[in-house]
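Structure file query_0.txt with compact mmCIF, C-alpha atoms:
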# COMPACT_ATOMS: atom_id res chain seq x y z
CA CYS N 1 19.65 66.25 147.11
CA ARG N 2 19.10 66.34 143.39
CA PHE N 3 15.68 67.90 143.78
CA VAL N 4 17.15 70.79 145.85
CA GLN N 5 19.74 71.43 143.13
CA LEU N 6 16.98 71.73 140.59
CA CYS N 7 15.22 74.23 142.84
CA HIS N 8 18.41 76.33 143.18
CA VAL N 9 18.74 76.46 139.43
CA ALA N 10 15.20 77.83 139.22
CA ASN N 11 15.65 80.51 141.93
CA ASP N 12 15.60 83.33 139.48
CA ARG N 13 12.07 82.53 138.23
CA LEU N 14 8.69 82.25 139.84
CA ILE N 15 7.78 78.73 140.86
CA THR N 16 4.24 77.81 139.92
CA PHE N 17 2.35 74.59 140.41
CA GLN N 18 2.92 73.57 136.81
CA TYR N 19 6.64 74.31 137.03
CA PHE N 20 6.85 72.37 140.27
CA ASN N 21 5.36 69.32 138.58
CA PHE N 22 7.85 69.75 135.75
CA LEU N 23 10.77 69.69 138.24
CA LYS N 24 9.32 66.61 139.88
CA ARG N 25 9.15 64.77 136.56
CA MET N 26 12.75 65.75 135.75
CA TYR N 27 13.89 64.40 139.10
CA VAL N 28 12.11 61.13 138.63
CA THR N 29 13.45 60.56 135.12
CA GLN N 30 17.05 61.49 136.04
CA CYS N 31 17.20 59.42 139.19
CA ASN N 32 15.33 56.36 137.87
CA LYS N 33 16.81 55.40 134.55
CA ASP N 34 14.31 52.59 134.09
CA LEU N 35 11.44 55.07 133.87
CA SER N 36 12.82 56.95 130.88
CA GLN N 37 11.07 56.47 127.55
CA ARG N 38 12.58 53.89 125.29
CA ALA N 39 11.83 53.05 121.69
CA LYS N 40 10.04 49.78 121.49
CA PRO N 41 11.36 47.43 118.84
CA LYS N 42 8.96 46.94 115.95
CA SER N 43 7.27 43.60 116.07
CA ASP N 44 7.82 41.21 113.22
CA SER N 45 5.12 41.41 110.58
CA VAL N 46 2.77 38.50 110.50
CA ALA N 47 3.65 36.34 107.55
CA SER N 48 0.79 35.67 105.21
CA PRO N 49 -0.36 32.06 104.93
CA PHE N 50 0.34 32.19 101.19
CA ARG N 51 4.03 32.93 101.84
CA GLU N 52 4.19 30.22 104.48
CA LEU N 53 2.78 27.73 101.99
CA GLN N 54 5.34 28.83 99.42
CA GLN N 55 8.17 28.42 101.94
CA LEU N 56 6.91 25.01 102.95
CA ASP N 57 6.62 24.09 99.29
CA GLN N 58 10.20 25.12 98.62
CA GLU N 59 11.62 23.20 101.56
CA LYS N 60 12.29 19.55 101.11
CA LYS N 61 11.09 17.57 104.08
CA VAL N 62 12.50 14.09 104.45
CA ILE N 63 11.74 12.26 107.67
CA HIS N 64 14.42 9.87 108.88
CA LYS N 65 13.82 7.37 111.59
CA ILE N 66 16.45 7.81 114.36
CA ARG N 67 17.27 4.60 116.12
CA PRO N 68 18.30 4.69 119.74
CA ILE N 69 22.04 5.00 120.44
CA SER N 70 23.53 2.01 122.14
CA PRO N 71 25.80 2.51 125.15
CA VAL N 72 29.50 2.95 124.53
CA HIS N 73 30.60 -0.03 126.48
CA GLN N 74 28.49 -2.43 124.36
CA PRO N 75 30.18 -3.50 121.16
CA LEU N 76 28.18 -3.28 117.93
CA SER N 77 27.29 -6.59 116.40
CA GLU N 78 27.53 -7.36 112.69
CA THR N 79 23.75 -7.57 112.33
CA SER N 80 23.24 -4.12 113.79
CA ILE N 81 25.86 -2.68 111.47
CA ARG N 82 24.11 -4.25 108.49
CA ASN N 83 20.76 -2.86 109.61
CA GLU N 84 22.22 0.63 109.90
CA VAL N 85 23.66 0.42 106.40
CA ARG N 86 20.29 -0.72 105.01
CA GLU N 87 18.46 2.11 106.74
CA MET N 88 20.93 4.66 105.39
CA LYS N 89 20.50 3.30 101.86
CA SER N 90 16.70 3.38 102.10
CA ALA N 91 16.81 6.95 103.42
CA ALA N 92 19.01 8.02 100.53
CA GLU N 93 16.65 6.34 98.06
CA THR N 94 13.62 8.08 99.54
CA GLU N 95 15.40 11.43 99.40
CA ASP N 96 16.25 10.89 95.74
CA SER N 97 12.66 9.88 94.97
CA VAL N 98 11.12 12.88 96.77
CA THR N 99 13.20 15.47 94.95
CA PRO N 100 12.09 14.77 91.34
CA VAL N 101 8.43 14.51 92.38
CA ARG N 102 8.62 17.94 93.97
CA ALA N 103 10.42 19.29 90.91
CA GLU N 104 7.75 17.86 88.62
CA SER N 105 4.95 19.49 90.60
CA LYS N 106 6.68 22.86 90.34
CA GLU N 107 7.16 22.49 86.59
CA ASP N 108 3.52 21.57 86.12
CA ARG N 109 2.44 24.84 87.72
CA GLN N 110 4.59 26.93 85.40
CA TRP N 111 3.45 28.33 82.02
CA LYS N 112 4.50 26.16 79.12
CA GLU N 113 4.47 26.70 75.39
CA MET N 114 1.80 24.54 73.76
CA LYS N 115 3.14 22.46 70.91
CA LEU N 116 0.88 21.98 67.91
CA GLN N 117 0.35 18.37 66.92
CA LEU N 118 -0.50 17.61 63.30
CA ASN N 119 -3.26 15.25 64.39
CA ASP N 120 -5.00 18.09 66.26
CA LEU N 121 -4.66 20.61 63.42
CA PRO N 122 -7.85 19.67 61.48
CA GLY N 123 -10.02 20.01 64.60
CA ILE N 124 -8.40 23.32 65.54
CA LEU N 125 -8.92 24.75 62.07
CA ALA N 126 -12.52 23.51 62.07
CA ARG N 127 -13.19 25.41 65.32
CA LEU N 128 -11.33 28.43 63.99
CA SER N 129 -13.56 28.56 60.93
CA LYS N 130 -16.76 27.86 62.96
CA ILE N 131 -17.55 24.79 60.92
CA LYS N 132 -21.19 24.57 62.07
CA LEU N 133 -21.89 28.16 61.06
CA THR N 134 -20.10 27.58 57.77
CA ALA N 135 -22.30 24.54 57.13
CA LEU N 136 -25.40 26.69 57.72
CA VAL N 137 -24.10 29.32 55.28
CA VAL N 138 -23.42 26.70 52.60
CA SER N 139 -26.86 25.12 53.10
CA THR N 140 -28.66 28.46 52.66
CA ALA N 141 -26.60 29.18 49.54
CA SER N 142 -27.53 25.74 48.23
CA ALA N 143 -31.20 26.51 48.90
CA GLY N 144 -30.90 29.70 46.87
CA PHE N 145 -29.29 27.76 44.01
CA ALA N 146 -32.02 25.11 44.11
CA MET N 147 -34.83 27.69 44.14
CA ALA N 148 -33.58 29.42 41.00
CA PRO N 149 -35.91 28.93 37.97
CA VAL N 150 -33.21 27.41 35.75
CA PRO N 151 -32.08 23.85 34.97
CA PHE N 152 -29.89 22.36 37.69
CA ASP N 153 -26.15 22.39 36.86
CA LEU N 154 -24.24 20.06 39.17
CA THR N 155 -20.76 21.38 38.34
CA CYS N 156 -21.74 24.99 38.94
CA PHE N 157 -23.51 23.96 42.15
CA LEU N 158 -20.42 22.23 43.56
CA ILE N 159 -18.10 25.12 42.66
CA ALA N 160 -20.50 27.66 44.16
CA SER N 161 -20.87 25.63 47.37
CA LEU N 162 -17.10 25.18 47.72
CA GLY N 163 -16.38 28.86 47.06
CA THR N 164 -19.07 29.99 49.52
CA GLY N 165 -17.73 27.63 52.19
CA LEU N 166 -14.16 28.89 51.76
CA ALA N 167 -15.30 32.50 51.94
CA SER N 168 -17.22 31.75 55.14
CA CYS N 169 -14.18 30.03 56.70
CA ALA N 170 -12.04 33.08 55.90
CA ALA N 171 -14.54 35.53 57.39
CA ASN N 172 -14.96 33.49 60.59
CA SER N 173 -11.20 33.11 61.06
CA ILE N 174 -10.59 36.84 60.71
CA ASN N 175 -13.45 37.50 63.13
CA GLN N 176 -11.83 35.30 65.78
CA PHE N 177 -8.45 36.93 65.15
CA PHE N 178 -9.89 40.37 65.95
CA GLU N 179 -11.88 39.29 69.01
CA VAL N 180 -9.25 37.36 71.01
CA PRO N 181 -9.04 39.83 73.96
CA PHE N 182 -12.83 40.00 74.20
CA ASP N 183 -13.51 36.28 73.73
CA SER N 184 -11.25 35.50 76.69
CA ASN N 185 -13.75 37.24 79.02
CA MET N 186 -16.75 35.19 77.88
CA ASN N 187 -17.60 31.67 79.00
CA ARG N 188 -19.09 30.93 75.58
CA THR N 189 -15.91 31.77 73.64
CA LYS N 190 -13.05 31.32 76.12
CA ASN N 191 -12.15 27.89 74.68
CA ARG N 192 -11.61 29.08 71.12
CA PRO N 193 -8.25 28.08 69.58
CA LEU N 194 -6.71 31.57 69.51
CA VAL N 195 -7.82 32.34 73.06
CA ARG N 196 -6.29 29.14 74.43
CA GLY N 197 -3.13 29.57 72.36
CA GLN N 198 -3.59 26.35 70.43
CA ILE N 199 -2.72 28.18 67.21
CA SER N 200 -0.67 31.30 66.57
CA PRO N 201 -2.29 34.47 65.20
CA LEU N 202 0.03 34.35 62.18
CA LEU N 203 -1.13 30.84 61.30
CA ALA N 204 -4.76 31.92 61.73
CA VAL N 205 -4.31 34.84 59.32
CA CYS N 206 -2.51 32.60 56.83
CA PHE N 207 -5.35 30.09 57.03
CA ALA N 208 -7.91 32.87 56.45
CA ALA N 209 -5.98 34.12 53.42
CA SER N 210 -5.59 30.59 52.02
CA CYS N 211 -9.38 30.17 52.25
CA GLY N 212 -10.52 33.63 51.18
CA VAL N 213 -8.41 34.11 48.06
CA PRO N 214 -9.21 30.72 46.43
CA GLY N 215 -12.86 31.00 47.50
CA ILE N 216 -13.40 34.37 45.81
CA ALA N 217 -11.41 33.20 42.79
CA LEU N 218 -13.64 30.13 42.42
CA LEU N 219 -16.81 32.21 42.68
CA THR N 220 -15.56 34.81 40.21
CA LEU N 221 -13.91 32.60 37.59
CA GLY N 222 -15.80 29.35 38.06
CA VAL N 223 -19.32 30.75 38.56
CA ASN N 224 -19.75 34.41 37.56
CA PRO N 225 -18.32 37.81 38.59
CA LEU N 226 -21.55 38.87 40.33
CA THR N 227 -21.39 35.95 42.78
CA GLY N 228 -17.69 36.59 43.40
CA ALA N 229 -18.37 40.26 44.11
CA LEU N 230 -21.12 39.33 46.58
CA GLY N 231 -18.76 36.91 48.34
CA ALA N 232 -15.99 39.51 48.65
CA PHE N 233 -18.48 42.12 49.86
CA ASN N 234 -19.81 39.73 52.49
CA ILE N 235 -16.31 39.04 53.85
CA PHE N 236 -15.68 42.78 54.10
CA LEU N 237 -19.06 43.43 55.72
CA TYR N 238 -18.56 40.70 58.33
CA THR N 239 -14.96 41.44 59.28
CA CYS N 240 -14.66 45.21 58.84
CA CYS N 241 -18.19 46.40 59.70
CA TYR N 242 -20.03 43.87 61.83
CA THR N 243 -17.07 42.78 64.01
CA PRO N 244 -16.05 46.28 65.24
CA MET N 245 -19.67 47.44 65.49
CA LYS N 246 -20.37 44.75 68.10
CA ARG N 247 -18.59 46.95 70.67
CA MET N 248 -19.96 50.27 69.42
CA SER N 249 -23.67 50.13 68.63
CA ILE N 250 -26.68 47.82 68.71
CA ALA N 251 -26.95 48.40 64.95
CA ASN N 252 -24.50 45.50 64.61
CA THR N 253 -27.48 43.11 64.78
CA TRP N 254 -29.01 44.59 61.63
CA VAL N 255 -25.64 44.53 59.84
CA GLY N 256 -25.14 40.91 60.88
CA ALA N 257 -28.60 40.07 59.53
CA VAL N 258 -27.55 41.47 56.14
CA VAL N 259 -24.44 39.29 56.27
CA GLY N 260 -26.58 36.22 56.86
CA ALA N 261 -29.03 37.16 54.11
CA ILE N 262 -26.40 37.36 51.34
CA PRO N 263 -25.55 33.58 50.98
CA PRO N 264 -28.96 32.57 49.52
CA VAL N 265 -28.70 35.54 47.17
CA MET N 266 -25.28 34.23 46.10
CA GLY N 267 -26.81 30.83 45.42
CA TRP N 268 -29.52 32.40 43.24
CA THR N 269 -27.04 34.53 41.30
CA ALA N 270 -24.74 31.52 40.85
CA ALA N 271 -27.57 29.69 39.08
CA THR N 272 -29.11 32.57 37.11
CA GLY N 273 -26.29 35.11 36.80
CA SER N 274 -28.69 37.95 37.68
CA LEU N 275 -30.15 39.59 40.77
CA ASP N 276 -33.89 38.96 40.48
CA ALA N 277 -36.87 39.43 42.76
CA GLY N 278 -36.62 35.80 43.86
CA ALA N 279 -33.10 36.37 45.17
CA LEU N 280 -34.29 39.37 47.18
CA LEU N 281 -37.19 37.35 48.60
CA LEU N 282 -34.89 34.56 49.78
CA GLY N 283 -32.57 37.15 51.29
CA GLY N 284 -35.52 38.77 53.04
CA ILE N 285 -36.60 35.45 54.58
CA LEU N 286 -33.08 34.83 55.91
CA TYR N 287 -32.88 38.44 57.10
CA SER N 288 -36.08 38.21 59.15
CA TRP N 289 -35.34 34.73 60.50
CA GLN N 290 -32.08 35.85 62.09
CA PHE N 291 -33.73 38.29 64.52
CA PRO N 292 -35.77 35.77 66.53
CA HIS N 293 -32.86 33.33 66.27
CA PHE N 294 -30.11 35.65 67.49
CA ASN N 295 -32.17 37.79 69.89
CA ALA N 296 -33.37 34.69 71.69
CA LEU N 297 -29.80 33.37 71.83
CA SER N 298 -28.33 36.63 73.12
CA TRP N 299 -31.04 36.91 75.80
CA GLY N 300 -29.60 33.93 77.63
CA LEU N 301 -26.03 35.24 77.20
CA ARG N 302 -26.54 38.78 78.47
CA GLU N 303 -24.03 38.39 81.30
CA ASP N 304 -21.44 36.98 78.92
CA TYR N 305 -21.88 39.75 76.35
CA SER N 306 -21.75 42.40 79.06
CA ARG N 307 -18.55 40.88 80.47
CA GLY N 308 -16.99 40.78 77.01
CA GLY N 309 -17.82 44.44 76.32
CA TYR N 310 -20.24 43.81 73.44
CA CYS N 311 -23.09 46.22 72.77
CA MET N 312 -26.12 44.00 72.23
CA MET N 313 -29.82 44.76 72.25
CA SER N 314 -30.42 42.17 74.95
CA VAL N 315 -27.98 44.02 77.26
CA THR N 316 -28.68 47.71 76.58
CA HIS N 317 -32.23 47.66 75.12
CA PRO N 318 -34.03 44.52 76.37
CA GLY N 319 -37.49 45.80 75.41
CA LEU N 320 -36.40 46.56 71.86
CA CYS N 321 -34.78 43.13 71.64
CA ARG N 322 -38.07 41.38 72.33
CA ARG N 323 -40.12 43.68 70.08
CA VAL N 324 -37.79 43.21 67.11
CA ALA N 325 -37.89 39.41 67.53
CA LEU N 326 -41.72 39.39 67.52
CA ARG N 327 -41.88 41.84 64.61
CA HIS N 328 -39.74 39.67 62.34
CA CYS N 329 -41.56 36.48 63.35
CA LEU N 330 -44.71 38.08 61.95
CA ALA N 331 -42.76 39.31 58.90
CA LEU N 332 -42.05 35.68 57.95
CA ILE N 333 -45.79 35.18 57.38
CA GLY N 334 -45.92 38.14 55.00
CA LEU N 335 -42.80 37.07 53.11
CA SER N 336 -44.20 33.59 52.62
CA THR N 337 -47.34 35.13 51.13
CA VAL N 338 -45.30 37.22 48.68
CA ALA N 339 -43.59 34.15 47.16
CA PRO N 340 -46.50 33.07 44.89
CA LEU N 341 -47.15 36.69 43.93
CA LEU N 342 -43.63 36.86 42.51
CA ASP N 343 -44.25 33.59 40.63
CA ILE N 344 -41.58 31.73 42.66
CA THR N 345 -43.82 29.17 44.36
CA THR N 346 -47.38 27.98 44.08
CA TRP N 347 -50.13 29.13 46.44
CA THR N 348 -49.74 25.95 48.44
CA PHE N 349 -46.54 27.32 49.99
CA PRO N 350 -48.12 30.10 52.10
CA ILE N 351 -50.87 27.69 53.16
CA ILE N 352 -48.52 24.86 54.22
CA SER N 353 -45.98 27.23 55.83
CA LEU N 354 -48.66 29.09 57.81
CA PRO N 355 -48.73 26.67 60.81
CA ILE N 356 -44.97 26.74 61.38
CA ASN N 357 -44.87 30.52 60.91
CA LEU N 358 -47.74 30.94 63.37
CA TYR N 359 -45.99 28.70 65.88
CA ILE N 360 -42.74 30.68 65.81
CA SER N 361 -44.80 33.87 66.03
CA TYR N 362 -46.55 32.48 69.11
CA LEU N 363 -43.18 31.72 70.74
CA GLY N 364 -42.01 35.20 69.76
CA PHE N 365 -45.05 36.67 71.49
CA ARG N 366 -44.36 34.64 74.63
CA PHE N 367 -40.77 35.84 74.58
CA TYR N 368 -42.03 39.42 74.24
CA ARG N 369 -44.53 38.98 77.09
CA ASP N 370 -42.59 36.87 79.61
CA ALA N 371 -39.03 38.12 78.97
CA ASP N 372 -37.41 35.15 80.69
CA ARG N 373 -34.84 32.50 79.85
CA SER N 374 -37.40 29.77 79.37
CA SER N 375 -39.30 31.59 76.62
CA SER N 376 -36.09 32.71 74.91
CA ARG N 377 -34.75 29.16 74.94
CA LYS N 378 -37.92 27.79 73.37
CA LEU N 379 -37.83 30.45 70.65
CA PHE N 380 -34.17 29.74 69.92
CA PHE N 381 -34.63 25.97 69.57
CA CYS N 382 -37.71 26.51 67.42
CA SER N 383 -35.68 28.70 65.06
CA LEU N 384 -33.19 25.85 64.57
CA TRP N 385 -35.74 23.59 62.89
CA HIS N 386 -37.98 26.36 61.51
CA LEU N 387 -35.58 27.57 58.81
CA PRO N 388 -34.70 24.20 57.19
CA LEU N 389 -38.35 23.15 57.30
CA LEU N 390 -39.49 26.42 55.74
CA LEU N 391 -36.91 26.17 52.95
CA LEU N 392 -37.83 22.55 52.33
CA VAL N 393 -41.52 23.42 52.00
CA MET N 394 -40.59 26.30 49.72
CA PHE N 395 -38.55 23.99 47.51
CA THR N 396 -41.36 21.43 47.25
CA CYS N 397 -43.83 24.17 46.30
CA LYS N 398 -41.45 25.75 43.79
CA LYS N 399 -42.73 26.37 40.30
CA SER N 400 -40.83 24.22 37.88
CA PHE N 401 -38.84 25.60 35.00
CA LEU N 402 -41.06 23.81 32.45
CA GLU N 403 -44.20 25.42 33.85
CA LYS N 404 -42.64 28.86 33.48
CA GLU N 405 -41.51 28.05 29.95
CA ASP N 406 -45.02 26.90 28.99
CA LYS N 407 -46.48 30.01 30.56
CA GLY N 408 -44.01 32.15 28.65
CA ASP N 409 -44.87 30.38 25.37
CA LEU N 410 -48.57 30.87 26.02
CA LEU N 411 -48.03 34.55 26.70
CA GLY N 412 -45.99 34.84 23.50
CA GLU N 413 -48.65 33.08 21.42
CA SER N 414 -51.46 35.21 22.83
CA HIS N 415 -49.42 38.33 22.17
CA GLY N 416 -48.83 37.18 18.58
CA ARG N 417 -52.52 36.48 18.04
CA ALA N 418 -53.44 39.86 19.36
CA MET N 419 -51.02 41.46 16.93
CA GLU N 420 -52.53 39.44 14.05
CA ILE N 421 -56.04 40.52 14.99
CA ARG N 422 -55.04 44.13 15.06
CA LEU N 423 -53.52 43.95 11.59
CA PRO N 424 -56.03 44.72 8.76
Using structure tokens, write down the structure from this file.
Amino acid sequence: CRFVQLCHVANDRLITFQYFNFLKRMYVTQCNKDLSQRAKPKSDSVASPFRELQQLDQEKKVIHKIRPISPVHQPLSETSIRNEVREMKSAAETEDSVTPVRAESKEDRQWKEMKLQLNDLPGILARLSKIKLTALVVSTASAGFAMAPVPFDLTCFLIASLGTGLASCAANSINQFFEVPFDSNMNRTKNRPLVRGQISPLLAVCFAASCGVPGIALLTLGVNPLTGALGAFNIFLYTCCYTPMKRMSIANTWVGAVVGAIPPVMGWTAATGSLDAGALLLGGILYSWQFPHFNALSWGLREDYSRGGYCMMSVTHPGLCRRVALRHCLALIGLSTVAPLLDITTWTFPIISLPINLYISYLGFRFYRDADRSSSRKLFFCSLWHLPLLLLVMFTCKKSFLEKEDKGDLLGESHGRAMEIRLP
């Protein structure tokens, strides 16, 4: 017996209960081969449904109708032979028609290079230059030109407007060139031309250069060097200071407000050739108006700005965002009161502009108190019509150039009389 042999082998050592069980297990495993341990084959990994769909997509499935086979002893008639030939031809046609359709669906899912059509180029360049924002910049510069206390010069006005518009197009194009990786993360900017690949970065930079260089040249040579210097400084401030600061500090809002305040100053300097108190007042009105306008806009886009990695007051300092908006709404009332003191408008301007300034201040207070999307939306839409209406009222209440000339003549005559009286 095999078990007895195992016991004889272990005669020289003391048999314990544990050792006896060990001998029993050895006997069982040696005598019954089926009980020995065997390595189980590894089960096939479960294929993911995505791979199964891909395999099914790659396989061409053509279903053929199989007709029953006739017995051997029955001869095939001519009609049956013709039917078989027709069925084979139809099956071949269906197979040929299925293959290109499947190939077309695969090609549609692949990345393709977008070809630029000349008909689409004006629209793409208009979106690249932010044509609506450029129109706002040109309109504020035109308001500054119209408010200047000098006779209106149409040629200078057109050159200044064209140069300001070209400078704005250049600045906006460079801004979009720098912000492509960040704009792709925002719902508000993900459809911009550079993000979608509708235009190459090289073409965008060339377009910016072709707008910026002639624009600054027109302002410098066609208007005056001071206006050209302000235009060049504004391009630098917008592209090299404001754009990178948007991802670094909330101070970008104040820098951006300075950028928006320069165009009316450029319009004033284009008409007068000097930087007067009236130019600074117009710049101050534009500076204060931008805070309720932009803070209300950014409040509804906090998720987008956070996703894009921009450091905005509405994201990091929501309380400060609302306070600053209310503060500058109230500042518009004070700036409107300063206009007649600087002899720019009559005293009817602060009186007529008081209701609209009080209304935007009321909406700014509601935005500060409620801190919700509804109040921010109302403040934003109010700012859209508040600025053009305020500038229009300011223009209608402007002191004419003849009134200032008469006042200057009267002052000169009174000064001359006083000198005559003093003489013995």
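The interatomic distance for the pair atom CA of N:Ala296 and atom CA of N:Lys132 works out to 18.5 Å.
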Go ahead and compute the interatomic distance for atom CA of N:Cys156 and atom CA of N:His386, in Å to one decimal. 27.8 Å
Would you pick out the contacts of N:Lys190 at 12 Å or less, using all atoms listed in the file, so that residues sharing its chain but fewer than 2 positions from it are not included, and give the list as a PyMOL selection string? chain N and resi 176+179-188+192-197+304+307-308
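Here atom CA of N:Leu202 stands at a distance of 11.0 Å from atom CA of N:Ile174.
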Would you be able to write out as number ranges by chain which residues have an atom within 12 Å of (-42.7, 39.9, 58.4) in the file's coordinates, counting only C-alpha atoms? N: 281, 284-292, 324-338, 357-358, 360-361
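For the set N:Leu280, N:Ala271, N:Cys311, N:Cys241, the residue with the smallest atom-to-atom gap to N:Pro149 is N:Ala271, counting only C-alpha atoms.
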Can you list, as a PyMOL selection string, every protein, DNA or RNA residue that comes within 12 Å of stretch 256-262 of chain N when you count only C-alpha atoms, leaving out same-chain residues fewer than 5 positions away? chain N and resi 133-134+136-141+144+164+168+171-172+227-246+250-251+267-269+275+279-295+312+328
Write the selection just made, keeping C-alpha atoms, as a JSON list (two decimals), keeping the file's coordinate frame?
[["chain", "number", "residue", "atom", "x", "y", "z"],
["N", 133, "LEU", "CA", -21.89, 28.16, 61.06],
["N", 134, "THR", "CA", -20.10, 27.58, 57.77],
["N", 136, "LEU", "CA", -25.40, 26.69, 57.72],
["N", 137, "VAL", "CA", -24.10, 29.32, 55.28],
["N", 138, "VAL", "CA", -23.42, 26.70, 52.60],
["N", 139, "SER", "CA", -26.86, 25.12, 53.10],
["N", 140, "THR", "CA", -28.66, 28.46, 52.66],
["N", 141, "ALA", "CA", -26.60, 29.18, 49.54],
["N", 144, "GLY", "CA", -30.90, 29.70, 46.87],
["N", 164, "THR", "CA", -19.07, 29.99, 49.52],
["N", 168, "SER", "CA", -17.22, 31.75, 55.14],
["N", 171, "ALA", "CA", -14.54, 35.53, 57.39],
["N", 172, "ASN", "CA", -14.96, 33.49, 60.59],
["N", 227, "THR", "CA", -21.39, 35.95, 42.78],
["N", 228, "GLY", "CA", -17.69, 36.59, 43.40],
["N", 229, "ALA", "CA", -18.37, 40.26, 44.11],
["N", 230, "LEU", "CA", -21.12, 39.33, 46.58],
["N", 231, "GLY", "CA", -18.76, 36.91, 48.34],
["N", 232, "ALA", "CA", -15.99, 39.51, 48.65],
["N", 233, "PHE", "CA", -18.48, 42.12, 49.86],
["N", 234, "ASN", "CA", -19.81, 39.73, 52.49],
["N", 235, "ILE", "CA", -16.31, 39.04, 53.85],
["N", 236, "PHE", "CA", -15.68, 42.78, 54.10],
["N", 237, "LEU", "CA", -19.06, 43.43, 55.72],
["N", 238, "TYR", "CA", -18.56, 40.70, 58.33],
["N", 239, "THR", "CA", -14.96, 41.44, 59.28],
["N", 240, "CYS", "CA", -14.66, 45.21, 58.84],
["N", 241, "CYS", "CA", -18.19, 46.40, 59.70],
["N", 242, "TYR", "CA", -20.03, 43.87, 61.83],
["N", 243, "THR", "CA", -17.07, 42.78, 64.01],
["N", 244, "PRO", "CA", -16.05, 46.28, 65.24],
["N", 245, "MET", "CA", -19.67, 47.44, 65.49],
["N", 246, "LYS", "CA", -20.37, 44.75, 68.10],
["N", 250, "ILE", "CA", -26.68, 47.82, 68.71],
["N", 251, "ALA", "CA", -26.95, 48.40, 64.95],
["N", 267, "GLY", "CA", -26.81, 30.83, 45.42],
["N", 268, "TRP", "CA", -29.52, 32.40, 43.24],
["N", 269, "THR", "CA", -27.04, 34.53, 41.30],
["N", 275, "LEU", "CA", -30.15, 39.59, 40.77],
["N", 279, "ALA", "CA", -33.10, 36.37, 45.17],
["N", 280, "LEU", "CA", -34.29, 39.37, 47.18],
["N", 281, "LEU", "CA", -37.19, 37.35, 48.60],
["N", 282, "LEU", "CA", -34.89, 34.56, 49.78],
["N", 283, "GLY", "CA", -32.57, 37.15, 51.29],
["N", 284, "GLY", "CA", -35.52, 38.77, 53.04],
["N", 285, "ILE", "CA", -36.60, 35.45, 54.58],
["N", 286, "LEU", "CA", -33.08, 34.83, 55.91],
["N", 287, "TYR", "CA", -32.88, 38.44, 57.10],
["N", 288, "SER", "CA", -36.08, 38.21, 59.15],
["N", 289, "TRP", "CA", -35.34, 34.73, 60.50],
["N", 290, "GLN", "CA", -32.08, 35.85, 62.09],
["N", 291, "PHE", "CA", -33.73, 38.29, 64.52],
["N", 292, "PRO", "CA", -35.77, 35.77, 66.53],
["N", 293, "HIS", "CA", -32.86, 33.33, 66.27],
["N", 294, "PHE", "CA", -30.11, 35.65, 67.49],
["N", 295, "ASN", "CA", -32.17, 37.79, 69.89],
["N", 312, "MET", "CA", -26.12, 44.00, 72.23],
["N", 328, "HIS", "CA", -39.74, 39.67, 62.34]]
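Restricting the calculation to only C-alpha atoms, the smallest distance between N:Leu341 and any of N:Gly222, N:Pro151, N:Gly278, N:Pro214 is found for N:Gly278.
In this comparison, which uses only C-alpha atoms, the residue of N:Pro355, N:Gly364, N:Gly165, N:Gly309 approaching N:Leu389 most closely is N:Pro355.
Among the candidates N:Tyr310, N:Lys399, N:Arg323, N:Phe381, the one nearest to N:Trp347 when counting only C-alpha atoms is N:Lys399.
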Using only C-alpha atoms, find the one residue out of N:Trp254, N:Tyr305, N:Phe177, N:Trp385 that sits nearest to N:Ser200. N:Phe177
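Shortest atom-to-atom contact with N:Leu379 among N:Pro263, N:Asp276, N:Ala217, N:Phe367: N:Phe367, counting only C-alpha atoms.
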If I wrap all listed atoms of stretch 252-269 of chain N in a box with edges along x, y and z and add 3 Å on each side, what are its centre and edge lengths in Å to one decimal, as JSON?
{"center_x": -27.0, "center_y": 38.2, "center_z": 53.0, "size_x": 11.1, "size_y": 20.7, "size_z": 29.5}
